[in-house]
file my_file-v1.cif (mmCIF, C-alpha atoms and all ligand atoms)
data_start
#
loop_
_atom_site.label_atom_id
_atom_site.label_comp_id
_atom_site.auth_asym_id
_atom_site.auth_seq_id
_atom_site.Cartn_x
_atom_site.Cartn_y
_atom_site.Cartn_z
CA MET A 139 4.94 36.02 11.64
CA THR A 140 1.26 36.03 12.42
CA ALA A 141 0.42 32.87 10.57
CA GLN A 142 2.90 30.83 12.56
CA ARG A 143 1.50 31.93 15.92
CA PRO A 144 -0.39 29.14 17.64
CA THR A 145 -4.13 29.65 17.93
CA VAL A 146 -6.07 29.20 21.14
CA LEU A 147 -9.82 28.99 21.46
CA VAL A 148 -11.08 30.24 24.82
CA VAL A 149 -14.53 28.97 25.79
CA GLU A 150 -15.76 30.80 28.86
CA ASP A 151 -19.15 32.36 29.60
CA GLU A 152 -17.97 34.92 32.16
CA PRO A 153 -16.86 38.06 30.28
CA ALA A 154 -14.27 39.14 32.88
CA GLN A 155 -12.64 35.70 32.86
CA ARG A 156 -12.69 35.66 29.08
CA GLU A 157 -10.94 39.02 28.97
CA ILE A 158 -8.23 38.02 31.42
CA LEU A 159 -7.53 34.84 29.49
CA THR A 160 -7.49 36.62 26.14
CA TYR A 161 -5.17 39.34 27.41
CA ASN A 162 -2.69 36.90 28.92
CA LEU A 163 -2.70 34.45 26.05
CA GLU A 164 -2.17 37.27 23.55
CA SER A 165 0.73 38.56 25.66
CA GLU A 166 2.21 35.06 25.39
CA GLY A 167 2.10 35.36 21.61
CA PHE A 168 -1.01 33.30 20.92
CA ARG A 169 -3.71 34.18 18.46
CA VAL A 170 -6.91 34.03 20.49
CA SER A 171 -10.51 33.49 19.49
CA THR A 172 -13.32 33.26 22.03
CA ALA A 173 -16.72 31.66 22.46
CA ASP A 174 -19.13 32.16 25.35
CA ASN A 175 -21.02 28.89 24.91
CA GLY A 176 -20.49 25.30 23.88
CA GLU A 177 -22.46 25.37 20.61
CA ASP A 178 -20.42 28.27 19.25
CA ALA A 179 -17.23 26.58 20.37
CA LEU A 180 -18.07 23.40 18.43
CA MET A 181 -18.94 25.44 15.36
CA MET A 182 -15.73 27.45 15.57
CA VAL A 183 -13.62 24.32 15.86
CA ALA A 184 -15.34 22.89 12.78
CA GLU A 185 -14.44 26.07 10.90
CA GLU A 186 -10.86 26.50 12.00
CA MET A 187 -9.02 23.92 14.07
CA PRO A 188 -7.22 25.68 16.95
CA ASP A 189 -3.89 24.48 18.35
CA LEU A 190 -5.27 24.52 21.88
CA ILE A 191 -8.64 24.89 23.61
CA VAL A 192 -9.07 26.41 27.06
CA LEU A 193 -12.51 25.20 28.08
CA ASP A 194 -14.62 26.19 31.05
CA TRP A 195 -16.49 23.34 32.70
CA MET A 196 -19.64 25.27 33.60
CA LEU A 197 -21.22 26.66 30.46
CA PRO A 198 -24.87 27.33 29.68
CA ASN A 199 -26.67 24.61 27.64
CA VAL A 200 -23.90 22.39 26.28
CA SER A 201 -21.46 22.01 29.20
CA GLY A 202 -17.71 22.13 28.87
CA ILE A 203 -17.57 18.41 29.71
CA GLU A 204 -19.91 17.66 26.83
CA VAL A 205 -17.92 19.85 24.42
CA CYS A 206 -14.76 18.04 25.50
CA ARG A 207 -16.35 14.63 25.13
CA ARG A 208 -17.61 15.42 21.62
CA LEU A 209 -14.28 16.81 20.43
CA LYS A 210 -12.35 13.89 21.88
CA THR A 211 -14.55 11.28 20.19
CA ARG A 212 -14.23 12.83 16.72
CA PRO A 213 -11.17 11.56 14.84
CA ASP A 214 -10.50 14.94 13.23
CA THR A 215 -10.53 16.91 16.49
CA ARG A 216 -9.25 14.28 18.94
CA ALA A 217 -5.66 15.50 18.81
CA VAL A 218 -6.42 19.12 19.74
CA PRO A 219 -5.26 19.56 23.35
CA ILE A 220 -7.91 20.72 25.81
CA ILE A 221 -7.27 22.38 29.16
CA MET A 222 -10.42 22.28 31.29
CA LEU A 223 -11.13 25.05 33.80
CA SER A 224 -13.33 24.37 36.76
CA ALA A 225 -14.40 25.92 40.03
CA ARG A 226 -15.00 22.45 41.39
CA SER A 227 -12.10 21.15 43.34
CA GLU A 228 -13.20 17.72 44.39
CA GLU A 229 -10.97 14.91 43.29
CA VAL A 230 -13.88 13.02 41.80
CA ASP A 231 -14.59 15.87 39.39
CA ARG A 232 -10.97 16.04 38.43
CA VAL A 233 -11.06 12.37 37.55
CA ARG A 234 -14.27 12.84 35.61
CA GLY A 235 -12.68 15.73 33.73
CA LEU A 236 -9.72 13.65 32.70
CA GLU A 237 -11.96 10.73 31.80
CA THR A 238 -13.68 12.82 29.15
CA GLY A 239 -10.26 13.06 27.54
CA ALA A 240 -9.20 16.54 28.68
CA ASP A 241 -5.41 16.84 28.42
CA ASP A 242 -5.09 18.95 31.52
CA TYR A 243 -7.27 20.33 34.24
CA VAL A 244 -6.96 23.62 36.12
CA ILE A 245 -9.00 24.60 39.15
CA LYS A 246 -10.41 28.09 39.60
CA PRO A 247 -9.27 30.43 40.97
CA TYR A 248 -6.11 29.60 39.08
CA SER A 249 -2.83 31.44 38.82
CA VAL A 250 -2.44 32.96 35.39
CA VAL A 251 1.26 32.11 35.43
CA GLU A 252 0.48 28.47 36.04
CA LEU A 253 -2.18 28.33 33.36
CA MET A 254 0.20 29.90 30.81
CA ALA A 255 2.87 27.35 31.73
CA ARG A 256 0.38 24.55 31.17
CA ALA A 257 -0.71 26.04 27.83
CA ARG A 258 2.93 26.18 26.73
CA ALA A 259 3.46 22.60 27.89
CA GLN A 260 0.58 21.41 25.68
CA LEU A 261 1.98 23.31 22.69
CA ARG A 262 5.50 21.98 23.20
CA ARG A 263 3.92 18.61 22.51
CA THR A 264 1.72 19.55 19.56
CA ARG A 265 3.37 22.65 18.03
CA PRO A 266 7.03 22.38 19.06
CA ALA A 267 8.24 24.83 16.43
CA SER A 268 6.08 27.55 17.96
CA GLN A 269 7.78 27.07 21.33
CA GLY A 270 11.36 27.75 20.34
CA GLN A 271 12.44 24.14 20.09
CA VAL A 272 14.85 22.36 17.80
CA LEU A 273 13.18 19.89 15.48
CA ASP A 274 15.05 17.07 13.81
CA TYR A 275 14.10 14.96 10.87
CA GLU A 276 16.74 12.59 9.53
CA ASP A 277 19.73 14.85 8.69
CA ILE A 278 17.68 18.07 8.80
CA SER A 279 17.57 20.18 11.92
CA LEU A 280 15.43 23.28 12.39
CA ASP A 281 15.97 25.68 15.27
CA SER A 282 12.81 27.71 15.72
CA ASP A 283 14.55 30.08 18.14
CA THR A 284 17.39 31.17 15.87
CA HIS A 285 15.47 30.42 12.65
CA ARG A 286 18.36 28.35 11.35
CA VAL A 287 18.13 25.18 9.34
CA HIS A 288 20.99 22.72 8.90
CA ARG A 289 21.16 19.67 6.72
CA GLY A 290 23.99 17.23 7.25
CA GLY A 291 25.64 19.91 9.39
CA GLN A 292 25.55 22.53 6.64
CA LEU A 293 23.61 25.75 7.08
CA LEU A 294 20.82 26.22 4.53
CA LYS A 295 19.45 29.49 3.26
CA LEU A 296 15.66 29.59 3.47
CA GLY A 297 13.26 32.45 2.90
CA PRO A 298 10.76 33.19 5.71
CA THR A 299 7.91 31.41 3.92
CA GLU A 300 10.04 28.34 3.19
CA PHE A 301 11.12 28.31 6.84
CA ARG A 302 7.51 28.30 8.05
CA LEU A 303 6.61 25.61 5.53
CA LEU A 304 9.46 23.41 6.71
CA ALA A 305 8.57 24.00 10.38
CA THR A 306 5.00 22.90 9.62
CA PHE A 307 6.20 19.73 7.88
CA MET A 308 8.73 18.94 10.60
CA GLU A 309 6.18 19.23 13.38
CA LYS A 310 4.31 16.29 11.88
CA PRO A 311 6.51 14.14 9.68
CA GLY A 312 4.48 11.82 7.49
CA ARG A 313 1.32 13.88 7.70
CA VAL A 314 -0.17 14.79 4.33
CA TRP A 315 -1.04 18.49 4.18
CA SER A 316 -3.47 19.77 1.57
CA ARG A 317 -2.61 23.05 -0.13
CA GLU A 318 -5.49 24.72 1.72
CA GLN A 319 -4.20 23.49 5.09
CA LEU A 320 -0.73 24.77 4.28
CA LEU A 321 -2.20 28.13 3.27
CA ASP A 322 -4.03 28.40 6.61
CA ARG A 323 -1.00 27.39 8.62
CA VAL A 324 1.78 29.18 6.80
CA TRP A 325 0.14 32.22 5.22
CA GLY A 326 -2.81 32.68 7.56
CA ARG A 327 -6.53 32.59 7.10
CA ASP A 328 -7.08 36.26 6.42
CA ILE A 329 -4.83 36.54 3.41
CA TYR A 330 -5.94 35.67 -0.06
CA VAL A 331 -3.27 33.56 -1.72
CA ASP A 332 -3.77 31.26 -4.68
CA THR A 333 -3.12 27.59 -3.88
CA ARG A 334 -0.57 27.53 -6.71
CA THR A 335 1.57 29.82 -4.55
CA VAL A 336 1.98 26.84 -2.23
CA ASP A 337 3.45 24.81 -5.08
CA VAL A 338 5.90 27.60 -5.87
CA HIS A 339 7.16 27.81 -2.30
CA VAL A 340 7.31 24.03 -1.85
CA GLY A 341 9.44 23.99 -5.01
CA ARG A 342 11.77 26.60 -3.51
CA LEU A 343 11.94 24.70 -0.25
CA ARG A 344 12.88 21.49 -2.10
CA LYS A 345 15.61 23.29 -3.97
CA ALA A 346 16.99 24.85 -0.78
CA LEU A 347 16.96 21.51 1.05
CA CYS A 348 18.89 19.76 -1.72
CA VAL A 349 21.38 22.54 -2.45
CA HIS A 350 24.26 20.54 -0.91
CA GLY A 351 22.98 17.24 -2.28
CA GLY A 352 20.87 14.65 -0.52
CA GLU A 353 17.50 13.29 -1.49
CA ASP A 354 14.36 15.36 -1.70
CA PRO A 355 12.62 14.61 1.61
CA LEU A 356 9.27 16.07 0.48
CA ARG A 357 6.69 13.90 -1.12
CA THR A 358 3.98 15.08 -3.50
CA VAL A 359 0.80 13.14 -2.84
CA ARG A 360 -1.34 13.20 -5.95
CA GLY A 361 -4.71 14.80 -5.40
CA ALA A 362 -3.94 15.39 -1.73
CA GLY A 363 -0.95 17.65 -1.19
CA TYR A 364 2.49 17.34 0.35
CA ALA A 365 4.18 15.41 3.12
CA LEU A 366 7.61 15.18 4.68
CA GLY A 367 8.83 11.61 4.33
CA CA B 401 -18.57 29.33 33.57
#
call {"tool": "encode", "arguments": {"input": "my_file-v1.cif", "output": "structure tokens", "more": "lines below"}}
Ligand code: CA
result
Amino acid sequence: MTAQRPTVLVVEDEPAQREILTYNLESEGFRVSTADNGEDALMMVAEEMPDLIVLDWMLPNVSGIEVCRRLKTRPDTRAVPIIMLSARSEEVDRVRGLETGADDYVIKPYSVVELMARARAQLRRTRPASQGQVLDYEDISLDSDTHRVHRGGQLLKLGPTEFRLLATFMEKPGRVWSREQLLDRVWGRDIYVDTRTVDVHVGRLRKALCVHGGEDPLRTVRGAGYALG
């Protein structure tokens, strides 16, 4: 489903490079948005937090290094992984790149295959459910490859929306998600859904999780939203 696809923001001022990256990332199943300068990139991140940023070092005005530094010092954007791209190959620049907090660093000209592998590696860390992995939380196990959920060894029946909701919760146990954040993540930005719909589906998910007994693992946080555990 579209809404579950991880989003990547590509920040690159050279149109041909931008196109190659967009094409390859989309082929890998990512939802891609692009910016050709640092100011736009910062604005786009403020509007919709991507799951990954591929950031060119050399950008007009606000450089990639500066964009990276700003995002990594803000508590709300610090966790978004950043892969820096650079034509510079000197070790000192590599060190400088990592010092700004970039999660990875790729030198141009890069191999597309290698860059895609590195993008997937970042997402395995931050969005494991999008990368076909099995997630476990207490006695619940979710296999994002086969779309199966077990609790205490018993197979549970979940609708597609409930599955995506549970995957979102299980990627970050303990995190409190607002209804709006769940709408963005599970239903997608472009669809108009009432926030009460979230409550309905969380209710269904709770029921499905407890069908063979066991405690309700979901927590309603008054005035804030929902959390797993
Ligand atoms: Ca550039």
call {"tool": "residues_around", "arguments": {"input": "my_file-v1.cif", "residues": "A:Ser201", "least_positions_apart": "6", "cutoff": "12 Å", "atoms": "all atoms listed in the file", "output": "number ranges by chain"}}
result
A: 149-151, 174-180, 193-195, 207-208, 222-224, 235
call {"tool": "residues_around", "arguments": {"input": "my_file-v1.cif", "residues": "A:Arg258", "least_positions_apart": "4", "cutoff": "8 Å", "atoms": "only C-alpha atoms", "output": "ChimeraX atom specification"}}
result
/A:254,262,269
call {"tool": "closest_residue", "arguments": {"input": "my_file-v1.cif", "among": "A:Asp277, A:Glu237, A:Glu166, A:Asp189", "to": "A:Leu253", "atoms": "all atoms listed in the file"}}
result
A:Glu166
call {"tool": "atom_distance", "arguments": {"input": "my_file-v1.cif", "atom1": "atom CA of A:Gly363", "atom2": "atom CA of A:Trp315"}}
result
5.4 Å
call {"tool": "atom_distance", "arguments": {"input": "my_file-v1.cif", "atom1": "atom CA of A:Gly167", "atom2": "atom CA of A:Pro144"}}
result
7.8 Å
call {"tool": "closest_residue", "arguments": {"input": "my_file-v1.cif", "among": "A:Gly290, A:Pro153, A:Pro219, A:Pro311", "to": "A:Val349", "atoms": "all atoms listed in the file"}}
result
A:Gly290
call {"tool": "closest_residue", "arguments": {"input": "my_file-v1.cif", "among": "A:Lys295, A:Arg302, A:Arg327, A:Arg317", "to": "A:Ala346", "atoms": "all atoms listed in the file"}}
result
A:Lys295
call {"tool": "closest_residue", "arguments": {"input": "my_file-v1.cif", "among": "A:Ile220, A:Gly291, A:Ser279, A:Ala305", "to": "A:Arg256", "atoms": "all atoms listed in the file"}}
result
A:Ile220
call {"tool": "residues_around", "arguments": {"input": "my_file-v1.cif", "residues": "A:Arg265", "least_positions_apart": "2", "cutoff": "10 Å", "atoms": "all atoms listed in the file", "output": "list in words"}}
result
Gln142, Arg143, Pro144, Asp189, Leu190, Arg258, Ala259, Gln260, Leu261, Arg262, Arg263, Ala267, Ser268, Gln269, Gly270, Gln271, Ala305, Thr306, Met308, Glu309 and Lys310 of chain A
call {"tool": "closest_residue", "arguments": {"input": "my_file-v1.cif", "among": "A:Ser165, A:Thr215, A:Thr238, A:Met196", "to": "ligand CA 401 (chain B)", "atoms": "only C-alpha atoms and all ligand atoms"}}
result
A:Met196
call {"tool": "build_atoms", "arguments": {"input": "my_file-v1.cif", "residues": "stretch 304-327 of chain A", "atoms": "N, CA, C and O atoms", "output": "short mmCIF file (atom, residue, chain, number, x, y, z; two decimals), keeping the file's coordinate frame"}}
result
data_model
loop_
_atom_site.label_atom_id
_atom_site.label_comp_id
_atom_site.auth_asym_id
_atom_site.auth_seq_id
_atom_site.Cartn_x
_atom_site.Cartn_y
_atom_site.Cartn_z
N LEU A 304 8.67 24.52 6.20
CA LEU A 304 9.46 23.41 6.71
C LEU A 304 9.12 23.12 8.18
O LEU A 304 9.00 21.97 8.58
N ALA A 305 8.92 24.19 8.97
CA ALA A 305 8.57 24.00 10.38
C ALA A 305 7.25 23.23 10.48
O ALA A 305 7.09 22.33 11.30
N THR A 306 6.29 23.59 9.63
CA THR A 306 5.00 22.90 9.62
C THR A 306 5.18 21.42 9.29
O THR A 306 4.66 20.55 9.98
N PHE A 307 5.95 21.13 8.25
CA PHE A 307 6.20 19.73 7.88
C PHE A 307 6.91 18.99 8.99
O PHE A 307 6.59 17.85 9.30
N MET A 308 7.90 19.63 9.61
CA MET A 308 8.73 18.94 10.60
C MET A 308 8.01 18.71 11.92
O MET A 308 8.41 17.85 12.70
N GLU A 309 6.95 19.48 12.16
CA GLU A 309 6.18 19.23 13.38
C GLU A 309 5.41 17.92 13.28
O GLU A 309 5.10 17.30 14.29
N LYS A 310 5.07 17.54 12.06
CA LYS A 310 4.31 16.29 11.88
C LYS A 310 4.81 15.52 10.68
O LYS A 310 4.15 15.47 9.63
N PRO A 311 5.99 14.91 10.81
CA PRO A 311 6.51 14.14 9.68
C PRO A 311 5.51 13.04 9.28
O PRO A 311 4.88 12.44 10.14
N GLY A 312 5.37 12.86 7.98
CA GLY A 312 4.48 11.82 7.49
C GLY A 312 3.06 12.30 7.25
O GLY A 312 2.33 11.70 6.47
N ARG A 313 2.67 13.39 7.91
CA ARG A 313 1.32 13.88 7.70
C ARG A 313 1.19 14.50 6.31
O ARG A 313 2.06 15.25 5.87
N VAL A 314 0.09 14.19 5.63
CA VAL A 314 -0.17 14.79 4.33
C VAL A 314 -0.96 16.08 4.54
O VAL A 314 -2.02 16.07 5.15
N TRP A 315 -0.39 17.19 4.07
CA TRP A 315 -1.04 18.49 4.18
C TRP A 315 -1.63 18.86 2.83
O TRP A 315 -0.92 18.82 1.82
N SER A 316 -2.90 19.26 2.81
CA SER A 316 -3.47 19.77 1.57
C SER A 316 -2.95 21.20 1.37
O SER A 316 -2.46 21.83 2.30
N ARG A 317 -3.06 21.68 0.14
CA ARG A 317 -2.61 23.05 -0.13
C ARG A 317 -3.38 24.05 0.72
O ARG A 317 -2.82 25.03 1.21
N GLU A 318 -4.67 23.80 0.92
CA GLU A 318 -5.49 24.72 1.72
C GLU A 318 -5.01 24.73 3.18
O GLU A 318 -4.95 25.79 3.81
N GLN A 319 -4.68 23.55 3.69
CA GLN A 319 -4.20 23.49 5.09
C GLN A 319 -2.87 24.21 5.24
O GLN A 319 -2.64 24.89 6.23
N LEU A 320 -2.02 24.07 4.22
CA LEU A 320 -0.73 24.77 4.28
C LEU A 320 -0.94 26.28 4.19
O LEU A 320 -0.27 27.05 4.88
N LEU A 321 -1.90 26.69 3.37
CA LEU A 321 -2.20 28.13 3.27
C LEU A 321 -2.63 28.68 4.63
O LEU A 321 -2.14 29.72 5.06
N ASP A 322 -3.53 27.96 5.29
CA ASP A 322 -4.03 28.40 6.61
C ASP A 322 -2.88 28.51 7.60
O ASP A 322 -2.78 29.46 8.35
N ARG A 323 -2.03 27.49 7.61
CA ARG A 323 -1.00 27.39 8.62
C ARG A 323 0.17 28.35 8.36
O ARG A 323 0.69 28.98 9.26
N VAL A 324 0.55 28.45 7.11
CA VAL A 324 1.78 29.18 6.80
C VAL A 324 1.51 30.64 6.41
O VAL A 324 2.25 31.53 6.78
N TRP A 325 0.44 30.85 5.68
CA TRP A 325 0.14 32.22 5.22
C TRP A 325 -0.90 32.89 6.11
O TRP A 325 -0.98 34.09 6.19
N GLY A 326 -1.76 32.11 6.72
CA GLY A 326 -2.81 32.68 7.56
C GLY A 326 -4.13 32.72 6.83
O GLY A 326 -4.18 32.74 5.61
N ARG A 327 -5.17 32.70 7.63
CA ARG A 327 -6.53 32.59 7.10
C ARG A 327 -6.99 33.86 6.38
O ARG A 327 -7.82 33.81 5.48
#
